[in-house]
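run32.tsv follows (TSV, C-alpha atoms):
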chain	number	residue	atom	x	y	z
H	834	MET	CA	-72.32	-6.26	-148.45
H	835	ASN	CA	-74.79	-5.73	-145.63
H	836	GLU	CA	-75.83	-2.12	-146.09
H	837	LEU	CA	-77.59	-0.35	-148.94
H	838	VAL	CA	-78.71	3.10	-149.97
H	839	THR	CA	-82.20	3.73	-151.30
H	840	GLY	CA	-82.22	5.51	-154.61
H	841	ASP	CA	-84.97	7.96	-153.70
H	842	ALA	CA	-83.73	8.69	-150.18
H	843	VAL	CA	-80.48	9.41	-148.38
H	844	VAL	CA	-80.55	6.75	-145.69
H	845	LEU	CA	-77.82	4.15	-145.44
H	846	GLY	CA	-78.17	1.17	-143.13
H	847	LEU	CA	-81.08	-0.74	-144.66
H	848	ARG	CA	-80.18	-4.39	-144.28
H	849	PRO	CA	-81.27	-7.34	-146.45
H	850	ALA	CA	-84.40	-8.96	-145.03
H	851	LYS	CA	-84.09	-12.41	-143.46
H	852	LEU	CA	-86.17	-15.42	-144.36
H	853	PRO	CA	-88.58	-15.31	-141.36
H	854	SER	CA	-89.70	-11.73	-142.00
H	855	ARG	CA	-89.96	-12.34	-145.74
H	856	ALA	CA	-91.99	-15.51	-145.14
H	857	LEU	CA	-94.40	-13.64	-142.86
H	858	ALA	CA	-94.82	-10.82	-145.40
H	859	LEU	CA	-95.38	-13.37	-148.17
H	860	ALA	CA	-97.98	-15.21	-146.09
H	861	ILE	CA	-99.92	-11.97	-145.57
H	862	ASP	CA	-99.75	-11.17	-149.28
H	863	LEU	CA	-100.90	-14.68	-150.25
H	864	VAL	CA	-103.85	-14.57	-147.87
H	865	VAL	CA	-104.95	-11.22	-149.31
H	866	ALA	CA	-104.41	-12.34	-152.92
H	867	TRP	CA	-106.24	-15.67	-152.59
H	868	THR	CA	-109.10	-14.09	-150.66
H	869	ALA	CA	-109.55	-11.57	-153.46
H	870	TYR	CA	-109.27	-14.35	-156.04
H	871	LEU	CA	-112.00	-16.44	-154.38
H	872	LEU	CA	-114.35	-13.46	-154.07
H	873	VAL	CA	-113.82	-12.44	-157.70
H	874	SER	CA	-114.26	-16.05	-158.87
H	875	VAL	CA	-117.56	-16.42	-157.02
H	876	LEU	CA	-118.87	-13.14	-158.42
H	877	ILE	CA	-117.86	-14.09	-161.97
H	878	PHE	CA	-119.41	-17.56	-161.82
H	879	VAL	CA	-122.63	-16.16	-160.40
H	880	ALA	CA	-122.80	-13.51	-163.12
H	881	ALA	CA	-121.78	-15.89	-165.95
H	882	GLY	CA	-123.77	-18.99	-165.04
H	883	SER	CA	-125.03	-19.48	-168.62
H	884	LEU	CA	-121.56	-19.79	-170.20
H	885	ASP	CA	-120.37	-23.07	-171.67
H	886	ASP	CA	-117.40	-25.06	-170.34
H	887	ALA	CA	-114.84	-23.46	-172.67
H	888	ALA	CA	-115.88	-19.96	-171.69
H	889	VAL	CA	-115.80	-20.86	-168.00
H	890	ALA	CA	-112.27	-22.26	-168.38
H	891	ALA	CA	-111.13	-19.12	-170.18
H	892	VAL	CA	-112.63	-16.88	-167.52
H	893	SER	CA	-111.00	-18.97	-164.78
H	894	VAL	CA	-107.53	-18.66	-166.37
H	895	ALA	CA	-107.98	-14.93	-166.92
H	896	THR	CA	-109.10	-14.44	-163.32
H	897	PHE	CA	-106.08	-16.38	-162.04
H	898	LEU	CA	-103.66	-14.33	-164.14
H	899	LEU	CA	-105.24	-11.01	-163.20
H	900	VAL	CA	-105.77	-11.46	-159.44
H	901	PRO	CA	-103.13	-13.67	-157.71
H	902	VAL	CA	-100.47	-13.01	-160.37
H	903	GLY	CA	-101.19	-9.56	-161.80
H	904	GLY	CA	-102.42	-8.07	-158.52
H	905	PRO	CA	-99.08	-8.31	-156.64
H	906	ILE	CA	-97.24	-7.00	-159.72
H	907	ALA	CA	-99.50	-3.95	-159.88
H	908	VAL	CA	-99.27	-3.33	-156.14
H	909	GLU	CA	-95.45	-3.52	-156.07
H	910	THR	CA	-95.22	-1.22	-159.09
H	911	LEU	CA	-97.60	1.42	-157.74
H	912	SER	CA	-96.24	1.29	-154.18
H	913	HIS	CA	-92.59	1.21	-155.28
H	914	GLY	CA	-91.86	-2.15	-153.67
H	915	ARG	CA	-94.19	-2.09	-150.68
H	916	SER	CA	-96.93	-4.70	-150.73
H	917	LEU	CA	-99.37	-5.03	-147.84
H	918	GLY	CA	-97.36	-7.80	-146.21
H	919	LYS	CA	-94.05	-6.01	-146.67
H	920	LEU	CA	-95.54	-2.80	-145.31
H	921	ALA	CA	-96.73	-4.67	-142.21
H	922	CYS	CA	-93.30	-6.27	-141.69
H	923	GLY	CA	-91.25	-3.16	-142.46
H	924	LEU	CA	-89.80	-4.50	-145.71
H	925	ARG	CA	-89.41	-3.12	-149.20
H	926	VAL	CA	-88.25	-4.35	-152.62
H	927	VAL	CA	-85.45	-2.25	-154.12
H	928	ARG	CA	-83.05	-2.58	-157.02
H	929	ASP	CA	-79.60	-4.08	-156.47
H	930	ASP	CA	-78.18	-0.57	-156.18
H	931	GLY	CA	-80.87	0.43	-153.68
H	932	GLY	CA	-83.03	2.45	-156.08
H	933	PRO	CA	-86.82	2.14	-156.41
H	934	ILE	CA	-88.13	-0.68	-158.59
H	935	ARG	CA	-90.15	-0.18	-161.75
H	936	PHE	CA	-92.74	-2.20	-163.62
H	937	ARG	CA	-90.22	-4.48	-165.32
H	938	HIS	CA	-88.70	-5.49	-161.98
H	939	ALA	CA	-92.11	-6.28	-160.50
H	940	LEU	CA	-93.11	-8.15	-163.67
H	941	VAL	CA	-90.06	-10.44	-163.59
H	942	ARG	CA	-90.50	-11.09	-159.86
H	943	GLY	CA	-94.17	-11.93	-160.34
H	944	ALA	CA	-93.63	-14.14	-163.40
H	945	VAL	CA	-90.91	-16.20	-161.73
H	946	GLY	CA	-92.95	-16.26	-158.51
H	947	VAL	CA	-95.69	-18.25	-160.26
H	948	VAL	CA	-93.35	-21.26	-160.39
H	949	GLU	CA	-91.19	-20.38	-157.42
H	950	ILE	CA	-93.98	-19.69	-154.93
H	951	LEU	CA	-97.44	-20.59	-156.20
H	952	MET	CA	-96.72	-23.90	-157.96
H	953	SER	CA	-94.11	-25.15	-155.50
H	954	PHE	CA	-95.91	-23.80	-152.40
H	955	GLY	CA	-92.90	-21.61	-151.64
H	956	VAL	CA	-90.40	-24.46	-151.30
H	957	ILE	CA	-88.18	-23.27	-154.14
H	958	GLY	CA	-88.24	-19.69	-152.85
H	959	CYS	CA	-87.30	-20.77	-149.32
H	960	ILE	CA	-84.38	-22.87	-150.54
H	961	ALA	CA	-83.11	-20.08	-152.79
H	962	SER	CA	-83.34	-17.55	-149.94
H	963	LEU	CA	-81.43	-19.82	-147.59
H	964	VAL	CA	-78.67	-20.43	-150.13
H	965	SER	CA	-78.33	-16.77	-151.17
H	966	ALA	CA	-75.98	-14.61	-149.12
H	967	ARG	CA	-78.48	-11.72	-149.15
H	968	GLY	CA	-81.62	-13.83	-148.88
H	969	ARG	CA	-82.68	-13.39	-152.51
H	970	ARG	CA	-85.04	-15.78	-154.25
H	971	ILE	CA	-84.72	-16.70	-157.92
H	972	GLY	CA	-87.14	-13.95	-158.97
H	973	ASP	CA	-84.92	-11.37	-157.25
H	974	VAL	CA	-81.85	-12.67	-159.06
H	975	PHE	CA	-83.48	-12.43	-162.49
H	976	ALA	CA	-85.09	-9.06	-161.76
H	977	GLY	CA	-82.00	-7.55	-160.15
H	978	THR	CA	-83.84	-6.74	-156.93
H	979	LEU	CA	-83.43	-7.23	-153.21
H	980	VAL	CA	-85.83	-7.18	-150.26
H	981	VAL	CA	-84.49	-4.95	-147.48
H	982	ARG	CA	-85.57	-3.85	-144.04
H	983	GLU	CA	-86.88	-0.30	-144.02
H	984	ARG	CA	-87.10	0.03	-140.26
H	985	ALA	CA	-83.62	0.53	-138.88
H	986	PRO	CA	-82.42	2.11	-135.62
H	987	ALA	CA	-81.49	5.76	-135.91
H	988	ALA	CA	-77.93	4.96	-134.87
H	989	ARG	CA	-77.50	2.90	-138.01
H	990	MET	CA	-78.59	5.69	-140.36
H	991	ALA	CA	-76.11	7.86	-142.17
H	992	MET	CA	-76.57	10.72	-144.58
H	993	VAL	CA	-75.23	11.05	-148.09
H	994	PRO	CA	-73.80	14.59	-148.11
H	995	PRO	CA	-75.41	17.00	-150.57
H	996	PRO	CA	-73.23	18.41	-153.33
H	997	PRO	CA	-71.80	21.93	-153.13
H	998	PRO	CA	-74.43	24.50	-154.15
H	999	TRP	CA	-72.40	25.64	-157.16
H	1000	LEU	CA	-72.68	22.12	-158.64
H	1001	VAL	CA	-76.43	21.61	-158.17
H	1002	GLY	CA	-78.07	21.13	-161.57
H	1003	ARG	CA	-74.77	21.26	-163.45
H	1004	PHE	CA	-75.12	17.65	-164.65
H	1005	ALA	CA	-78.77	17.80	-165.69
H	1006	GLU	CA	-77.91	16.82	-169.28
H	1007	LEU	CA	-75.52	13.99	-168.35
H	1008	ASP	CA	-76.38	10.55	-169.78
H	1009	LEU	CA	-76.44	8.10	-166.85
H	1010	SER	CA	-78.02	5.13	-168.64
H	1011	ALA	CA	-74.73	3.23	-169.05
H	1012	VAL	CA	-73.69	3.43	-165.37
H	1013	PRO	CA	-74.10	-0.03	-163.75
H	1014	ASP	CA	-75.88	-0.52	-160.45
H	1015	ASP	CA	-72.80	-1.81	-158.63
H	1016	LEU	CA	-70.91	1.39	-159.46
H	1017	TRP	CA	-73.79	3.52	-158.10
H	1018	LEU	CA	-73.76	1.49	-154.90
H	1019	ALA	CA	-69.99	1.85	-154.52
H	1020	ILE	CA	-70.20	5.62	-155.04
H	1021	ARG	CA	-73.03	6.06	-152.52
H	1022	GLN	CA	-71.29	4.00	-149.89
H	1023	TYR	CA	-68.06	5.93	-150.42
H	1024	LEU	CA	-69.90	9.25	-150.00
H	1025	THR	CA	-71.46	8.03	-146.76
H	1026	ARG	CA	-68.18	6.80	-145.29
H	1027	MET	CA	-65.71	9.29	-146.74
H	1028	ARG	CA	-65.33	11.17	-143.44
H	1029	GLN	CA	-64.25	7.91	-141.79
H	1030	LEU	CA	-61.47	7.22	-144.31
H	1031	ASP	CA	-57.86	8.33	-144.24
H	1032	ALA	CA	-57.40	11.45	-146.35
H	1033	GLY	CA	-55.04	9.81	-148.83
H	1034	VAL	CA	-57.07	6.63	-149.12
H	1035	GLY	CA	-60.31	8.58	-149.52
H	1036	GLN	CA	-58.85	10.84	-152.21
H	1037	ALA	CA	-57.51	7.86	-154.18
H	1038	MET	CA	-60.86	6.07	-153.93
H	1039	ALA	CA	-62.77	9.19	-155.01
H	1040	GLU	CA	-60.52	9.68	-158.04
H	1041	ARG	CA	-60.89	6.02	-159.05
H	1042	LEU	CA	-64.69	6.14	-158.74
H	1043	ALA	CA	-64.83	9.47	-160.58
H	1044	GLY	CA	-62.75	7.99	-163.38
H	1045	ASP	CA	-65.03	4.95	-163.65
H	1046	LEU	CA	-68.10	7.20	-163.67
H	1047	ALA	CA	-66.64	9.51	-166.33
H	1048	GLU	CA	-65.77	6.49	-168.47
H	1049	ARG	CA	-69.34	5.19	-168.29
H	1050	THR	CA	-70.96	8.56	-169.00
H	1051	GLY	CA	-68.48	9.56	-171.71
H	1052	THR	CA	-68.04	12.98	-170.09
H	1053	PRO	CA	-64.99	13.74	-167.91
H	1054	ALA	CA	-65.33	15.59	-164.64
H	1055	PRO	CA	-65.17	19.41	-165.04
H	1056	GLN	CA	-61.73	20.91	-164.63
H	1057	GLY	CA	-61.06	22.07	-161.08
H	1058	VAL	CA	-64.00	20.17	-159.51
H	1059	PRO	CA	-62.90	17.84	-156.66
H	1060	ALA	CA	-63.60	14.16	-157.25
H	1061	GLY	CA	-65.79	13.83	-154.15
H	1062	ALA	CA	-67.88	16.87	-155.07
H	1063	TYR	CA	-68.28	15.55	-158.61
H	1064	LEU	CA	-69.53	12.19	-157.33
H	1065	ALA	CA	-71.97	13.85	-154.90
H	1066	ALA	CA	-73.38	16.11	-157.63
H	1067	VAL	CA	-73.93	13.23	-160.07
H	1068	VAL	CA	-75.58	11.07	-157.38
H	1069	ASN	CA	-77.80	14.01	-156.43
H	1070	GLU	CA	-78.84	14.38	-160.08
H	1071	ARG	CA	-79.71	10.69	-160.35
H	1072	GLN	CA	-81.71	10.78	-157.13
H	1073	ALA	CA	-83.67	13.76	-158.45
H	1074	ARG	CA	-84.43	11.87	-161.66
H	1075	ASP	CA	-85.51	8.77	-159.71
H	1076	ALA	CA	-87.75	10.91	-157.52
H	1077	ARG	CA	-89.36	12.56	-160.55
H	1078	ARG	CA	-90.08	9.17	-162.10
H	1079	ALA	CA	-91.29	7.60	-158.85
H	1080	PHE	CA	-93.47	10.44	-157.60
H	1081	GLY	CA	-94.75	11.81	-160.89
H	1082	SER	CA	-92.93	15.14	-160.84
H	1083	SER	CA	-92.15	16.90	-164.09
H	1084	ALA	CA	-88.99	15.57	-165.71
H	1085	ALA	CA	-88.80	18.20	-168.40
H	1086	SER	CA	-86.39	20.49	-166.58
H	1087	PRO	CA	-83.51	19.80	-164.17
H	1088	VAL	CA	-84.25	20.05	-160.47
H	1089	THR	CA	-82.17	22.56	-158.60
H	1090	GLY	CA	-82.31	24.43	-155.34
H	1091	SER	CA	-85.66	24.57	-153.58
H	1092	GLU	CA	-87.26	22.35	-156.24
H	1093	ALA	CA	-84.87	19.52	-155.39
H	1094	SER	CA	-85.55	19.82	-151.66
H	1095	ALA	CA	-89.29	19.70	-152.33
H	1096	LEU	CA	-89.09	16.27	-153.96
H	1097	PRO	CA	-89.90	13.39	-151.56
H	1098	GLY	CA	-86.74	11.56	-150.56
H	1099	SER	CA	-84.39	13.79	-152.51
H	1100	VAL	CA	-81.15	15.06	-151.09
H	1101	PRO	CA	-81.65	18.53	-149.62
H	1102	SER	CA	-79.54	21.12	-151.34
H	1103	ALA	CA	-79.20	24.86	-151.27
H	1104	PRO	CA	-80.42	27.05	-154.12
H	1105	ALA	CA	-78.01	27.96	-156.87
H	1106	PRO	CA	-75.86	30.78	-155.50
H	1107	SER	CA	-74.85	34.06	-157.00
H	1108	ALA	CA	-71.26	35.21	-157.27
H	1109	ASP	CA	-71.17	36.27	-153.62
H	1110	ALA	CA	-72.84	33.13	-152.31
H	1111	VAL	CA	-71.85	31.21	-149.22
H	1112	PRO	CA	-68.90	28.81	-149.81
H	1113	PRO	CA	-69.66	25.12	-150.42
H	1114	PRO	CA	-70.02	22.65	-147.52
H	1115	ALA	CA	-66.90	21.63	-145.66
H	1116	ALA	CA	-67.35	18.02	-146.81
H	1117	PHE	CA	-65.70	18.89	-150.14
H	1118	PRO	CA	-62.85	21.28	-151.01
H	1119	ALA	CA	-64.06	24.63	-152.25
H	1120	THR	CA	-63.51	25.62	-155.85
H	1121	PRO	CA	-63.01	29.37	-156.26
H	1122	VAL	CA	-65.75	31.12	-158.18
H	1123	ALA	CA	-64.59	33.69	-160.71
H	1124	PRO	CA	-65.61	37.19	-159.65
H	1125	THR	CA	-68.13	38.98	-161.80
H	1126	ALA	CA	-67.07	42.00	-163.79
H	1127	ALA	CA	-67.58	45.34	-162.12
H	1128	THR	CA	-70.52	47.44	-163.20
H	1129	PRO	CA	-69.33	49.92	-165.86
H	1130	ALA	CA	-69.28	53.56	-164.93
H	1131	PRO	CA	-72.09	55.73	-166.24
H	1132	ASP	CA	-71.48	57.44	-169.53
H	1133	ALA	CA	-70.05	60.90	-169.16
H	1134	GLY	CA	-71.40	63.79	-171.15
H	1135	PRO	CA	-69.41	66.55	-172.85
H	1136	ALA	CA	-66.58	68.22	-171.00
H	1137	GLY	CA	-67.77	70.20	-168.03
H	1138	THR	CA	-71.09	68.38	-167.77
H	1139	PRO	CA	-71.98	65.81	-165.10
H	1140	PRO	CA	-72.32	62.14	-166.03
H	1141	THR	CA	-75.67	61.02	-167.46
H	1142	THR	CA	-77.52	59.26	-164.66
H	1143	GLY	CA	-81.16	59.77	-165.63
H	1144	PHE	CA	-81.72	62.16	-162.69
H	1145	ALA	CA	-82.77	65.75	-163.38
H	1146	PRO	CA	-81.83	68.26	-160.63
H	1147	PRO	CA	-84.62	70.53	-159.40
H	1148	ALA	CA	-84.89	73.93	-161.02
Can I see the file as structure tokens?
Amino acid sequence: MNELVTGDAVVLGLRPAKLPSRALALAIDLVVAWTAYLLVSVLIFVAAGSLDDAAVAAVSVATFLLVPVGGPIAVETLSHGRSLGKLACGLRVVRDDGGPIRFRHALVRGAVGVVEILMSFGVIGCIASLVSARGRRIGDVFAGTLVVRERAPAARMAMVPPPPPWLVGRFAELDLSAVPDDLWLAIRQYLTRMRQLDAGVGQAMAERLAGDLAERTGTPAPQGVPAGAYLAAVVNERQARDARRAFGSSAASPVTGSEASALPGSVPSAPAPSADAVPPPAAFPATPVAPTAATPAPDAGPAGTPPTTGFAPPA
């Protein structure tokens, strides 16, 4: 699988990074980390010159753990997978399904990287990247992450279609914690390529994916909602949740309409429509919206008197 979708964006076509670009990004990160480590070590030893040998050893270990080990973990967590070297080389660390990484992913990568990169001078990491089909080192395998290329030609980019407006925010209460990453990736790639598929094949694939998703969430798709529209709405909801977590937006209420389009990297979607709203996008079959009840007629007064409207005629 050579293409991925980022969880907080709508771009498909990000390819796994190759060993040369990853090695260059790692070299930049190591130079920055070791330079900071040496500067901090010199400052600490100058300030703590009266300490005994045990205290000096303890300070040295703490400095090593905080700067060359803890520093990259903090940077990847705060930058959502973009260290200085990866930013310079156009790379980014993402989850296996293409979503943004969190602290636990960065922690596992950094902990394994102590042995894989620092203690073995990168030999183990290079061998693992060469053996892996997607260029992953051992830390990526344990953390469930992948380093991808962010800079891709515009011709390679494709858009995940937004859900129909009448489905935006409908799945705000859906529990998505049990959905595996490989199912998310399959759904996103189907949504991106569904216009290229034969109608029968695409419909069968959408129904199969919708069934798998409903089985994982424990909630079946609403009656009358097309499978493709259901998948797009659930993916849109997950992207909004990822964006709220990644960019610090409020997660207390579901994101719909203009709020969803205001989130960085979220799928643009129209505001929730009224009964006479514009029909849903042509990418999905339209589901008829039940007409609203007519406004009741004003109450009529006694026989021979006009209806009560609240308007008093002039004398």
Exercise for the section: Write out as a list of chain:residue names which residues come within 10 Å of Gly1035 (chain H) when counting only C-alpha atoms, dropping same-chain ones fewer than 6 positions away. Expected result: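 Result of the neighbour search: H:Tyr1023, H:Leu1024, H:Arg1026, H:Met1027, H:Arg1028, H:Gln1029, H:Arg1041, H:Gly1061.
Here CA of Ala880 (chain H) stands at a distance of 25.4 Å from CA of Ala907 (chain H).
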Practice task
Between CA of Leu876 (chain H) and CA of Leu898 (chain H), measure the distance and give it in Å to one decimal.
Solution key: 16.3 Å
Distance table requested - region 891-940 of chain H against region 1001-1016 of chain H, cut-off 9 Å, all atoms listed in the file: one row per qualifying residue with the closest atom pair and its distance in Å to one decimal, ordered by chain and rising residue number, as JSON lines.
{"residue": "H:Arg928", "atom": "CA", "partner": "H:Asp1014", "partner_atom": "CA", "distance": 8.2}
{"residue": "H:Asp929", "atom": "CA", "partner": "H:Asp1014", "partner_atom": "CA", "distance": 6.5}
{"residue": "H:Asp930", "atom": "CA", "partner": "H:Asp1014", "partner_atom": "CA", "distance": 4.9}
{"residue": "H:Gly931", "atom": "CA", "partner": "H:Asp1014", "partner_atom": "CA", "distance": 8.5}
{"residue": "H:Gly932", "atom": "CA", "partner": "H:Asp1014", "partner_atom": "CA", "distance": 8.9}
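CA of Pro853 (chain H) lies 10.4 Å from CA of Gly968 (chain H).
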Practice task
Tell me which protein, DNA and RNA residues are within 10 Å of Ala921 (chain H), counting all atoms listed in the file, leaving out same-chain ones fewer than 3 positions away, and put them as a ChimeraX atom specification.
Solution key: /H:854,857-858,861,915-918,924
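With all atoms listed in the file as the atoms that count, the minimum distance from Pro996 (chain H) to the choices H:Phe897, H:Tyr1063, H:Phe878, H:Trp867 is reached by H:Tyr1063.
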Rebuild region 877-887 of chain H so that it carries all heavy atoms, then output the result as a short mmCIF file (atom, residue, chain, number, x, y, z; two decimals), in the coordinates of the input.
data_model
loop_
_atom_site.label_atom_id
_atom_site.label_comp_id
_atom_site.auth_asym_id
_atom_site.auth_seq_id
_atom_site.Cartn_x
_atom_site.Cartn_y
_atom_site.Cartn_z
N ILE H 877 -117.85 -13.83 -160.53
CA ILE H 877 -117.86 -14.09 -161.97
C ILE H 877 -118.73 -15.29 -162.30
O ILE H 877 -119.52 -15.28 -163.26
CB ILE H 877 -116.41 -14.28 -162.48
CG1 ILE H 877 -115.66 -12.95 -162.44
CG2 ILE H 877 -116.41 -14.84 -163.90
CD1 ILE H 877 -114.23 -13.05 -162.87
N PHE H 878 -118.62 -16.36 -161.54
CA PHE H 878 -119.41 -17.56 -161.82
C PHE H 878 -120.90 -17.32 -161.59
O PHE H 878 -121.74 -17.89 -162.28
CB PHE H 878 -118.92 -18.73 -160.97
CG PHE H 878 -117.62 -19.29 -161.45
CD1 PHE H 878 -116.60 -19.58 -160.55
CD2 PHE H 878 -117.40 -19.54 -162.79
CE1 PHE H 878 -115.40 -20.10 -160.98
CE2 PHE H 878 -116.20 -20.05 -163.24
CZ PHE H 878 -115.18 -20.34 -162.33
N VAL H 879 -121.23 -16.48 -160.62
CA VAL H 879 -122.63 -16.16 -160.40
C VAL H 879 -123.17 -15.33 -161.56
O VAL H 879 -124.30 -15.53 -162.04
CB VAL H 879 -122.81 -15.42 -159.06
CG1 VAL H 879 -124.21 -14.84 -158.95
CG2 VAL H 879 -122.53 -16.35 -157.90
N ALA H 880 -122.35 -14.39 -162.04
CA ALA H 880 -122.80 -13.51 -163.12
C ALA H 880 -122.78 -14.20 -164.48
O ALA H 880 -123.51 -13.80 -165.39
CB ALA H 880 -121.92 -12.26 -163.17
N ALA H 881 -121.92 -15.23 -164.64
CA ALA H 881 -121.78 -15.89 -165.95
C ALA H 881 -122.20 -17.36 -165.84
O ALA H 881 -121.52 -18.25 -166.35
CB ALA H 881 -120.35 -15.77 -166.44
N GLY H 882 -123.32 -17.61 -165.21
CA GLY H 882 -123.77 -18.99 -165.04
C GLY H 882 -124.21 -19.65 -166.33
O GLY H 882 -124.25 -20.88 -166.40
N SER H 883 -124.54 -18.90 -167.37
CA SER H 883 -125.03 -19.48 -168.62
C SER H 883 -123.92 -19.77 -169.63
O SER H 883 -124.20 -20.20 -170.75
CB SER H 883 -126.04 -18.52 -169.27
OG SER H 883 -125.43 -17.26 -169.54
N LEU H 884 -122.67 -19.55 -169.28
CA LEU H 884 -121.56 -19.79 -170.20
C LEU H 884 -121.29 -21.28 -170.34
O LEU H 884 -121.55 -22.07 -169.41
CB LEU H 884 -120.30 -19.07 -169.71
CG LEU H 884 -120.36 -17.54 -169.65
CD1 LEU H 884 -119.06 -16.98 -169.11
CD2 LEU H 884 -120.66 -16.95 -171.02
N ASP H 885 -120.72 -21.67 -171.48
CA ASP H 885 -120.37 -23.07 -171.67
C ASP H 885 -119.04 -23.37 -170.98
O ASP H 885 -118.41 -22.50 -170.39
CB ASP H 885 -120.28 -23.40 -173.17
CG ASP H 885 -119.32 -22.48 -173.91
OD1 ASP H 885 -118.52 -21.79 -173.23
OD2 ASP H 885 -119.37 -22.44 -175.15
N ASP H 886 -118.60 -24.63 -171.07
CA ASP H 886 -117.40 -25.06 -170.34
C ASP H 886 -116.14 -24.34 -170.83
O ASP H 886 -115.26 -23.99 -170.02
CB ASP H 886 -117.23 -26.57 -170.48
CG ASP H 886 -118.35 -27.35 -169.79
OD1 ASP H 886 -119.01 -26.72 -168.91
OD2 ASP H 886 -118.55 -28.53 -170.10
N ALA H 887 -116.03 -24.13 -172.14
CA ALA H 887 -114.84 -23.46 -172.67
C ALA H 887 -114.75 -22.01 -172.18
O ALA H 887 -113.67 -21.53 -171.79
CB ALA H 887 -114.86 -23.50 -174.20
#
